[in-house]
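**Q** My questions all concern the structure below.
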Amino acid sequence: MRAVQLTQIGKALEHADVPIPEIGASDVLIRVAAAGICHSDAHYRGGISKIDRLPLTLGHEIAGRVEKVGCDATHLSAGDRVCVHYLLYCGSCEFCVRGLEQFCRSGQMIGKHRDGGYAEFIKVPAANAFPLPDEIPFEVGAIMMCSSATALHALNKAGFKAGESIAIFGFGGLGFSALQLARAFDCANVYVVEINPAKLASAARMGAIAIDATSGDPVEQIKEATAGRGVDVALELIGSAKTMRQSVLCLGCLGRAALVGLTAESMSIHPYTELINKEVEIIGVSDHLATELPALIEFARSGKLRFPSDTLRVVDLDAAQINAVLNALQDSIDHVRTVIVPK
Ligand SMILES: [Zn+2]
Ligand SMILES: [Zn+2]
C-alpha cells in the first residue's frame, strides 16, 4: 500500500510502498478515508517532539471504513464507518483500570510511537475504533479526534457546568472547538481573548464576547464586563506564562483555570490573594480519554460541533502536498485544517 513517511528528522516526508498491516485477534484494519495534518506532525518532522523510530508513517487524526476485523473484535464489522482514538493503552495497569489511559505505563501514540494514518490502511486495536455516525463527514471525524477531544477534556477537567461563564485564551484549533463545546454545555457568556483581529471577529460571529488583548489588560476587560465578578472557568490554550497568569487572575470565587498550552516558562502566583482567598484551582490538562469520545461524537452528530466547509481543505496522499501543508502550519493563523483524503 502507499504511505507517506518520515525517514529522517528535519527532512521532507517521502513516499513509501509498504505491506498492508497484518491484524491480530483484537485489531481492526481500517481503510483510511481521511487523515488530519496536525501541528504536532510538523513538530515530529522538525525534531521538536521526539519520536521512537524511523521510518515512521505520521498521522494520528484518522477516520475511515473498517476493512477487516480480528476474531475478538465483536463490536465492529467490515464496512463500518469509524474514527480513531490515537492513544493505545494496555487496559490493565493501575491507570488503565481507573479509565485514565493517558497515563498508561505502556501507552503509545499512533503516528508517533507506531505507524499512523498517512497511508491507505492502518491497523489499530478495535477498542480504539469508535463508530462514526453517517451525519459526520470522514474529514470531520478525523480532525475532531485531536483538538476537539482535548478541548472537551479541558472543559471536563475544569468541571465546567451549564450556566457558567468562561474565558478562552487563544482562538486557534483548540479554541474554535472549545467555544462550540462550551455553548453545547449551555454556558453563560464566553469571552475569547486574542490579539489577532481576524480571530476576534470570527469568535464574535460565533457568539463570543471578543476581548482584544492589544487594547488593554484582558483581565481588567473581563472584570469590567462581569461587574468585577470574574469568570467561572478559564482555558489557557496558548502556552505562555503571561496568559496562564491572566487565566488565573480573571477568575471569580471558586473559579478554575485549565492550562492546556505548552511552555517551558514559569508562572508566578500570589498564593494568598490570588488563589487561597478565592479558592481558585489551577488544573493541568493533557490529551483526552476514550470515555469522553462518545459525547464528543454526539456533539458533532447533532451539529453542535461543526467544521464548516470553508474551514477544511483536502489534499491527496502525496508527499509533496503534505510537506507543503506542514511548512505552512508553522505560521498558520487561521482555522483552516487540512485533511489527507487518499484517492
Ligand atoms: Zn493532532
Ligand atoms: Zn495501561
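Residue numbering restarts at 1 for every chain of the C-alpha cells, chains are lettered A, B, ... in their displayed order, and ligands are numbered from 1 as they appear.
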Can you tell me which residues sit at most 12 Å away from ligand 1, counting only C-alpha atoms and all ligand atoms, written as a PyMOL selection string?

**A** chain A and resi 35-44+58-62+84-87+109-112+116-117+142-151+173-174+287-288+329+337-339

**Q** When DSSP is applied to the backbone of this structure, which of range 17-136 of chain A are assigned alpha helix (DSSP H)? Write them out as a list in words.

**A**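 Secondary structure check on range 17-136 of chain A, alpha helix (DSSP H): His39, Ser40, Asp41, Ala42, His43, Tyr44, Arg45 and Gly46 of chain A.
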
**Q** Could you please take those selected residues and save C-alpha atoms as a tab-separated table (two decimals), in the first residue's frame?

**A**
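So again_22.tsv came out as:
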```tsv
chain	number	residue	atom	x	y	z
A	39	HIS	CA	0.72	20.93	14.07
A	40	SER	CA	2.32	18.11	16.10
A	41	ASP	CA	3.23	16.36	12.84
A	42	ALA	CA	5.31	19.41	11.91
A	43	HIS	CA	6.98	19.12	15.33
A	44	TYR	CA	7.81	15.43	14.73
A	45	ARG	CA	9.24	16.21	11.31
A	46	GLY	CA	11.27	19.11	12.69
```

**Q** With only C-alpha atoms as the counted atoms, please give the residues lying no more than 10 Å from Thr263 in chain A, apart from itself and same-chain residues fewer than 4 positions off, as a PyMOL selection string.

**A** chain A and resi 238-241+244+267

**Q** Those residues with C-alpha atoms, as a compact mmCIF listing (two decimals), in the first residue's frame please?

**A**
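Saved as part.txt:
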```txt
# COMPACT_ATOMS: atom_id res chain seq x y z
CA ILE A 238 -1.76 29.49 24.03
CA GLY A 239 1.15 28.27 26.14
CA SER A 240 2.66 31.42 27.61
CA ALA A 241 3.32 32.28 31.26
CA MET A 244 -1.54 31.49 32.06
CA MET A 267 4.32 31.36 36.12
```

**Q** Which residue out of A:Tyr89, A:Phe185, A:Tyr191, A:Phe121 has the minimum interatomic distance to Thr57 in chain A when only C-alpha atoms are used?

**A** A:Phe121

**Q** Grab the CA of Ala234 in chain A to CA of Ala162 in chain A distance for me, in Å with one decimal place.

**A**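 Taking CA of Ala234 in chain A and CA of Ala162 in chain A, their separation equals 14.6 Å.
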
**Q** Measure the distance from CA of Pro125 in chain A to CA of Phe138 in chain A in Å and round it to one decimal.

**A**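 A separation of 19.3 Å between them.
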
**Q** Can you pull out every residue with an atom within 10 Å of ligand 2? Use only C-alpha atoms and all ligand atoms and format it as a list in words.

**A**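 Written in the requested form, the residues are Leu88, Tyr89, Cys90, Gly91, Ser92, Cys93, Glu94, Phe95, Cys96, Val97, Arg98, Gly99, Leu100, Glu101, Gln102, Phe103, Cys104, Arg105, Ser106, Gly107 and Gln108 of chain A.
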
**Q** Keeping N, CA and C atoms, export the residues of the selection given above as a tab-separated table (two decimals), in the first residue's frame.

**A**
```
chain	number	residue	atom	x	y	z
A	88	LEU	N	-2.99	4.33	22.30
A	88	LEU	CA	-3.10	2.90	22.55
A	88	LEU	C	-2.68	2.62	23.98
A	89	TYR	N	-3.40	1.74	24.65
A	89	TYR	CA	-3.14	1.53	26.07
A	89	TYR	C	-3.32	0.06	26.42
A	90	CYS	N	-2.73	-0.34	27.57
A	90	CYS	CA	-2.69	-1.77	27.90
A	90	CYS	C	-4.01	-2.28	28.46
A	91	GLY	N	-4.76	-1.40	29.13
A	91	GLY	CA	-6.04	-1.80	29.69
A	91	GLY	C	-5.94	-2.47	31.05
A	92	SER	N	-4.71	-2.70	31.55
A	92	SER	CA	-4.60	-3.45	32.81
A	92	SER	C	-3.68	-2.80	33.85
A	93	CYS	N	-2.98	-1.72	33.51
A	93	CYS	CA	-2.11	-1.10	34.52
A	93	CYS	C	-2.97	-0.30	35.51
A	94	GLU	N	-2.31	0.26	36.55
A	94	GLU	CA	-3.10	0.93	37.60
A	94	GLU	C	-3.87	2.14	37.08
A	95	PHE	N	-3.41	2.75	36.00
A	95	PHE	CA	-4.13	3.89	35.44
A	95	PHE	C	-5.25	3.42	34.51
A	96	CYS	N	-4.95	2.46	33.66
A	96	CYS	CA	-5.96	1.97	32.71
A	96	CYS	C	-7.20	1.44	33.43
A	97	VAL	N	-6.99	0.72	34.55
A	97	VAL	CA	-8.16	0.15	35.22
A	97	VAL	C	-9.04	1.24	35.83
A	98	ARG	N	-8.47	2.44	36.00
A	98	ARG	CA	-9.27	3.56	36.50
A	98	ARG	C	-9.79	4.43	35.35
A	99	GLY	N	-9.63	3.99	34.11
A	99	GLY	CA	-10.10	4.78	32.98
A	99	GLY	C	-9.25	5.99	32.70
A	100	LEU	N	-7.98	5.97	33.12
A	100	LEU	CA	-7.07	7.11	32.92
A	100	LEU	C	-5.95	6.69	31.97
A	101	GLU	N	-6.33	6.22	30.78
A	101	GLU	CA	-5.36	5.59	29.91
A	101	GLU	C	-4.29	6.54	29.38
A	102	GLN	N	-4.48	7.86	29.57
A	102	GLN	CA	-3.42	8.74	29.06
A	102	GLN	C	-2.14	8.62	29.89
A	103	PHE	N	-2.25	7.99	31.06
A	103	PHE	CA	-1.05	7.76	31.88
A	103	PHE	C	-0.59	6.31	31.82
A	104	CYS	N	-1.13	5.54	30.90
A	104	CYS	CA	-0.81	4.11	30.80
A	104	CYS	C	0.71	3.90	30.81
A	105	ARG	N	1.14	2.91	31.59
A	105	ARG	CA	2.57	2.60	31.72
A	105	ARG	C	3.20	2.23	30.38
A	106	SER	N	2.39	1.64	29.50
A	106	SER	CA	2.95	1.25	28.20
A	106	SER	C	2.16	1.90	27.05
A	107	GLY	N	1.65	3.10	27.31
A	107	GLY	CA	0.86	3.81	26.30
A	107	GLY	C	1.68	4.16	25.06
A	108	GLN	N	1.02	4.16	23.92
A	108	GLN	CA	1.68	4.51	22.66
A	108	GLN	C	0.76	5.41	21.86
```

**Q** Could you tell me, as a ChimeraX atom specification, which residues of range 48-289 of chain A DSSP assigns to strand (DSSP E or B) when given the backbone?

**A** /A:56-57,61-69,81-84,87-88,108-110,114,119,121-125,129-131,166-169,190-194,209-212,231-236,251-259,281-284

**Q** Could you give me, as a PyMOL selection string, the residues within 9 Å of range 2-9 of chain A, counting only C-alpha atoms and dropping anything in the same chain fewer than 6 positions from it?

**A** chain A and resi 15-20+44-47+54-58+115+117-121+317-319+322

**Q** Can you pull out the residues contacting Ala208 in chain A? Cut-off 8 Å, using only C-alpha atoms, and skip same-chain residues under 5 positions away; I want them as a compact mmCIF listing (two decimals) with N, CA and C atoms, in the first residue's frame.

**A**
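Final output, part.txt:
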```
# COMPACT_ATOMS: atom_id res chain seq x y z
N LEU A 179 -15.01 26.86 22.11
CA LEU A 179 -16.14 27.80 22.10
C LEU A 179 -17.44 27.06 21.77
N ASN A 189 -21.97 33.58 29.43
CA ASN A 189 -21.11 34.29 28.47
C ASN A 189 -19.77 33.61 28.24
N VAL A 190 -19.32 33.65 26.97
CA VAL A 190 -17.99 33.18 26.61
C VAL A 190 -17.15 34.40 26.21
N TYR A 191 -16.00 34.56 26.82
CA TYR A 191 -15.08 35.63 26.46
C TYR A 191 -13.89 35.00 25.74
N VAL A 192 -13.59 35.47 24.55
CA VAL A 192 -12.44 34.94 23.81
C VAL A 192 -11.35 36.02 23.78
N ALA A 203 -14.55 34.80 16.36
CA ALA A 203 -15.11 34.41 17.67
C ALA A 203 -16.42 35.16 17.93
```

**Q** For the interface of range 168-229 of chain A with range 246-258 of chain A (cut-off 12 Å, counting only C-alpha atoms), please tabulate each contacting residue of range 168-229 of chain A alongside its nearest pair of atoms and their separation in Å to one decimal, rows sorted by chain and increasing number, as a Markdown table.

**A**
```
| residue | atom | partner | partner_atom | distance |
| --- | --- | --- | --- | --- |
| A:Ile168 | CA | A:Ser247 | CA | 8.3 |
| A:Phe169 | CA | A:Ser247 | CA | 7.3 |
| A:Gly170 | CA | A:Ser247 | CA | 10.8 |
| A:Ala178 | CA | A:Ala258 | CA | 11.9 |
| A:Tyr191 | CA | A:Cys250 | CA | 10.6 |
| A:Val192 | CA | A:Ser247 | CA | 11.3 |
| A:Val193 | CA | A:Ser247 | CA | 9.8 |
| A:Ala213 | CA | A:Gln246 | CA | 10.7 |
| A:Asp217 | CA | A:Gln246 | CA | 8.8 |
| A:Pro218 | CA | A:Gln246 | CA | 7.4 |
| A:Val219 | CA | A:Cys250 | CA | 5.0 |
| A:Glu220 | CA | A:Cys250 | CA | 7.9 |
| A:Gln221 | CA | A:Cys250 | CA | 9.1 |
| A:Ile222 | CA | A:Cys250 | CA | 6.5 |
| A:Lys223 | CA | A:Cys250 | CA | 6.7 |
| A:Glu224 | CA | A:Cys250 | CA | 10.3 |
| A:Ala225 | CA | A:Cys250 | CA | 10.9 |
| A:Thr226 | CA | A:Gly252 | CA | 9.5 |
| A:Ala227 | CA | A:Gly252 | CA | 10.8 |
| A:Gly228 | CA | A:Gly252 | CA | 8.4 |
| A:Arg229 | CA | A:Gly252 | CA | 5.4 |
```
